[in-house]
Amino acid sequence: MNKPIRRVSIFCLVLVLALMIRVNWVQGVQADSLANHPKNLRTKFDRYAYPRGNIIVAGGQPVTKSEFVNGYRYKYKRAWVDGPMWAPVTGWSSQAYDTSQLEKLEDGILSGSDSRLFFRNTLDMLTGKEKQGGDVVTTLNAKAQKAGFEGLGNKKGAVVALDPRTGAILALVSTPSYDPGSFAGTGGTDADAWKALQADPNKPMLNRALRETYPPGSTFKLVTAAAAFESGKFQNVTDVTDTPAKYLLPGTTTELKNASANEPCANATLQDAMDLSCNTVFGKIGAEVGGEKLRAQAEKFGFNNDQVDIPIRAAESTFPTGSKPDGTAMDAIGQHDTRATPLQMAMVASAIANDGRLMQPYMVDEERAANLTTISKHTERQMSQAVTPATAQKLQQLMESVVANGTGTKAQIKGLKVGGKTGTAQHGVDNKGLPFAWFMSYAKADDGRSVAVAVVVEDGSSERDEISGGGLAAPIAKAVMQAALER
C-alpha cells in the first residue's frame with residue numbers, strides 16, 4: 001500500500017472511531033439529559049400517545065382518566081373527576097403546561113416510563129398491546145374530602161385529615177380551587193384558562209393545605225401546654241396557674257389581653273384556661289418555660305423541618321429562635337413569629353391522639369402496573385415521640401374538655417370521643433387584617449379507629465366579631481371527622 005492511500009485509510013479509521021465514540025456518548029451518557037430536555041418535544045408527544053395511568057383514592061375510585069382526542073400530535077388528554085375538589089391532591093397534567101404535585105412526582109409510573117415497568121412494557125410491545133401507564137393508589141377518603149370541600153364552600157381556607165395510627169392522609173382540601181382539566185390541552189381556551197388562573201388575586205392554584213403558613217393562634221397553646229408538662233412545670237390539668245388578672249408582657253408596659261375582659265383567667269387551672277383559651281395564662285407559661293424549651297417541643301411536633309414530604313413537599317412551619325421574653329410570650333399563643341401549615345397543626349393533633357407518637361404523614365399507599373401488579377407499597381414510619389404517653393393523655397383531657405365545656409362545643413359528635421382546640425389568629429400590619437379561624441381536633445371510635453383534623457378559614461366573615469375558630473372552623477372539622485369514621 002502506497003503512502004497516500006495509507007494516510008487516507010488511517011484518516012477514515014479515525015473518523016469511524018470518532019463517530020462510534022460520539023454515538024456511544026450520545027446514546028449512553030447524554031441519553032437521559034436529551035430525553036428530558038425541555039425542547040425535546042418528542043418526549044412530550046410520546047407521553048400523550050397512549051393512556052396515562054390513574055390516581056385512585058381509597059376504595060378504588062379513580063379521580064383521573066385519559067380522554068381519547070386523536071389529535072395531530074397527541075392522541076390522549078388528561079381529564080379529572082371533580083377536578084376542583086381533587087386538584088390539591090393530584091395537581092395538573094397538561095400538554096402545554098407540564099405537570100405538578102402527584103402528577104409530576106409520580107409521572108414515571110403514570111406515564112409508564114418508570115424503569116420498574118420495563119419488563120411489562122417490553123412484554124406489551126412483543127404482544128402488540130398498547131402501552132399504558134400505571135396507577136397510583138392514594139390514602140384519600142372520598143367522603144372526608146367531599147365533607148371538607150363542601151364545608152369550606154366559597155371561603156378561602158384548607159382542611160387536612162390524618163389517621164393518627166399510621167400517618168395516612170385522609171383529606172387534603174384547599175379553597176378556592178381550580179379545574180386542572182380546563183388547561184390540560186393546547187387549545188386557545190386552555191391558554192385563556194391558564195392565564196386567568198395565573199392572574200386571579202385569590203390564588204386558586206396555591207395549595208393552602210401544604211404550601212401556605214399561617215399564625216396558628218390559640219391552637220398552639222397545646223404545644224405550650226405540652227412543653228409545660230414535659231418540663232415538669234405542671235403535673236396535672238387541674239393544677240392552678242399563678243396568673244394575674246392583668247398580665248404585662250415581660251419587660252414592657254403592654255398588657256396581654258384575653259378575648260374578653262370578663263373571662264375568669266386569673267389563677268385559672270390549666271383545664272379552665274384551655275376551655276376559655278386564656279391568652280394571659282399561656283403567654284405567661286410560655287415566657288416562664290422559655291423560648292428554647294418551647295422551640296424544642298415544637299420541633300418534636302414537626303416545626304422547623306423543611307423536608308416534610310408526603311410526597312409533595314410541605315412548606316416549613318416555623319417556631320422562632322432568639323425572641324425576647326415578650327416575643328416568646330406571644331409566640332406561645334401562636335402569634336408573633338410562629339407560623340404553621342394546616343398539615344402541621346393536623347400533625348400536632350395526630351400525635352396527641354396517638355399517645356405522643358407522631359407518624360410520618362403520607363398520601364401514596366401503592367404504585368402498581370396497568371395489570372394491577374404492585375410495584376411498591378408504603379411502609380409506615382414514626383417521625384418522632386413528640387411527648388410522653390402520660391403527657392399526651394393530659395393533653396387529650398384538655399382537648400376533650402374544650403369540646404365538652406369550652407369553645408369547641410360545635411365539634412361534639414354523638415358516639416365518638418372528640419377533642420379539639422379553637423384558634424382565632426390575628427395577622428396583618430398592627431393585626432388589622434381579618435383574623436384566621438382555626439380548629440384542630442381528633443375523634444375516636446370505640447373500635448379503635450381515629451382521625452385528626454386541622455381546619456383554617458381565611459377572612460371567613462366581613463365582620464371581625466363574627467370570626468372565631470369555634471364558630472367557623474369547628475363545624476367543618478366535625479363534618480370531616482364524621483365522614484372519615486363513617487362505616
# chains A, B, ... in the order shown; residues from 1 in each chain; ligands from 1
>>> residues_around(residues="Arg449 (chain A)", least_positions_apart="2", cutoff="10 Å", atoms="only C-alpha atoms", output="PDB file with C-alpha atoms, in the first residue's frame")
ATOM      1  CA  ASP A 163     -55.086   8.750  60.529  1.00  0.00           C
ATOM      2  CA  PRO A 164     -53.102   9.184  63.788  1.00  0.00           C
ATOM      3  CA  ARG A 165     -52.167   5.497  63.933  1.00  0.00           C
ATOM      4  CA  ALA A 443     -62.181  11.866  67.039  1.00  0.00           C
ATOM      5  CA  LYS A 444     -62.003   8.284  68.252  1.00  0.00           C
ATOM      6  CA  ALA A 445     -64.449   5.433  67.736  1.00  0.00           C
ATOM      7  CA  ASP A 446     -64.988   2.560  70.152  1.00  0.00           C
ATOM      8  CA  ASP A 447     -63.381   0.104  67.713  1.00  0.00           C
ATOM      9  CA  VAL A 451     -58.913  10.724  62.749  1.00  0.00           C
ATOM     10  CA  ALA A 484     -63.820   9.797  57.906  1.00  0.00           C
ATOM     11  CA  LEU A 485     -65.146   7.444  60.593  1.00  0.00           C
TER      12      LEU A 485
END
>>> residues_around(residues="region 180-194 of chain A", least_positions_apart="2", cutoff="7 Å", atoms="only C-alpha atoms", output="list in words")
Lys77, Arg78, Ala79, Trp80, Gly83, Ala87, Trp92, Ser93, Ser94, Gln95, Ala96, Tyr178, Ala196, Leu197 and Gln198 of chain A
>>> write_last_selection(atoms="N, CA, C and O atoms", output="mmCIF file, in the first residue's frame")
data_model
loop_
_atom_site.group_PDB
_atom_site.id
_atom_site.type_symbol
_atom_site.label_atom_id
_atom_site.label_comp_id
_atom_site.auth_asym_id
_atom_site.auth_seq_id
_atom_site.Cartn_x
_atom_site.Cartn_y
_atom_site.Cartn_z
ATOM 1 N N LYS A 77 -55.656 13.059 26.181
ATOM 2 C CA LYS A 77 -55.586 14.239 27.040
ATOM 3 C C LYS A 77 -56.043 13.846 28.444
ATOM 4 O O LYS A 77 -56.929 13.017 28.606
ATOM 5 N N ARG A 78 -55.419 14.465 29.462
ATOM 6 C CA ARG A 78 -55.776 14.173 30.847
ATOM 7 C C ARG A 78 -57.130 14.792 31.186
ATOM 8 O O ARG A 78 -57.454 15.897 30.736
ATOM 9 N N ALA A 79 -57.909 14.080 31.982
ATOM 10 C CA ALA A 79 -59.196 14.589 32.457
ATOM 11 C C ALA A 79 -59.359 14.185 33.920
ATOM 12 O O ALA A 79 -58.687 13.278 34.413
ATOM 13 N N TRP A 80 -60.251 14.871 34.629
ATOM 14 C CA TRP A 80 -60.445 14.655 36.066
ATOM 15 C C TRP A 80 -61.912 14.475 36.393
ATOM 16 O O TRP A 80 -62.794 14.989 35.697
ATOM 17 N N GLY A 83 -62.637 17.728 39.396
ATOM 18 C CA GLY A 83 -61.300 18.306 39.361
ATOM 19 C C GLY A 83 -60.995 19.318 40.455
ATOM 20 O O GLY A 83 -59.964 19.201 41.124
ATOM 21 N N ALA A 87 -57.894 18.725 42.936
ATOM 22 C CA ALA A 87 -56.699 19.403 42.421
ATOM 23 C C ALA A 87 -55.585 19.556 43.453
ATOM 24 O O ALA A 87 -54.405 19.392 43.107
ATOM 25 N N TRP A 92 -51.841 19.052 38.290
ATOM 26 C CA TRP A 92 -52.310 19.010 36.915
ATOM 27 C C TRP A 92 -51.333 18.253 36.031
ATOM 28 O O TRP A 92 -50.172 18.071 36.373
ATOM 29 N N SER A 93 -51.830 17.811 34.885
ATOM 30 C CA SER A 93 -51.004 17.218 33.834
ATOM 31 C C SER A 93 -51.494 17.820 32.527
ATOM 32 O O SER A 93 -52.591 17.505 32.063
ATOM 33 N N SER A 94 -50.692 18.704 31.966
ATOM 34 C CA SER A 94 -51.113 19.476 30.805
ATOM 35 C C SER A 94 -50.152 19.285 29.640
ATOM 36 O O SER A 94 -48.937 19.250 29.828
ATOM 37 N N GLN A 95 -50.709 19.177 28.440
ATOM 38 C CA GLN A 95 -49.871 19.061 27.255
ATOM 39 C C GLN A 95 -49.039 20.328 27.036
ATOM 40 O O GLN A 95 -47.949 20.272 26.466
ATOM 41 N N ALA A 96 -49.541 21.453 27.513
ATOM 42 C CA ALA A 96 -48.848 22.720 27.306
ATOM 43 C C ALA A 96 -48.085 23.213 28.527
ATOM 44 O O ALA A 96 -47.084 23.919 28.393
ATOM 45 N N TYR A 178 -59.304 25.054 41.549
ATOM 46 C CA TYR A 178 -59.324 25.235 40.100
ATOM 47 C C TYR A 178 -59.594 23.893 39.441
ATOM 48 O O TYR A 178 -59.451 22.831 40.073
ATOM 49 N N ALA A 196 -55.898 33.172 33.094
ATOM 50 C CA ALA A 196 -56.853 33.676 34.084
ATOM 51 C C ALA A 196 -56.514 33.185 35.483
ATOM 52 O O ALA A 196 -56.601 33.932 36.461
ATOM 53 N N LEU A 197 -56.112 31.928 35.595
ATOM 54 C CA LEU A 197 -55.739 31.369 36.897
ATOM 55 C C LEU A 197 -54.476 32.039 37.439
ATOM 56 O O LEU A 197 -54.370 32.309 38.640
ATOM 57 N N GLN A 198 -53.517 32.301 36.560
ATOM 58 C CA GLN A 198 -52.283 32.951 36.996
ATOM 59 C C GLN A 198 -52.538 34.362 37.500
ATOM 60 O O GLN A 198 -51.856 34.854 38.404
#
>>> select_by_dssp(residues="region 244-282 of chain A", states="strand (DSSP E)", output="PyMOL selection string")
chain A and resi 247-248+255-256
>>> residues_around(residues="Leu170 (chain A)", least_positions_apart="5", cutoff="10 Å", atoms="only C-alpha atoms", output="NGL selection string")
:A and (57-58 or 138-145 or 160-163 or 362-363 or 451-453 or 480-481 or 484)
>>> residues_around(residues="Thr252 (chain A)", least_positions_apart="4", cutoff="12 Å", atoms="only C-alpha atoms", output="list in words")
Tyr247, Leu248, Leu256, Lys324, Pro325, Asp326, Gly327 and Ala329 of chain A
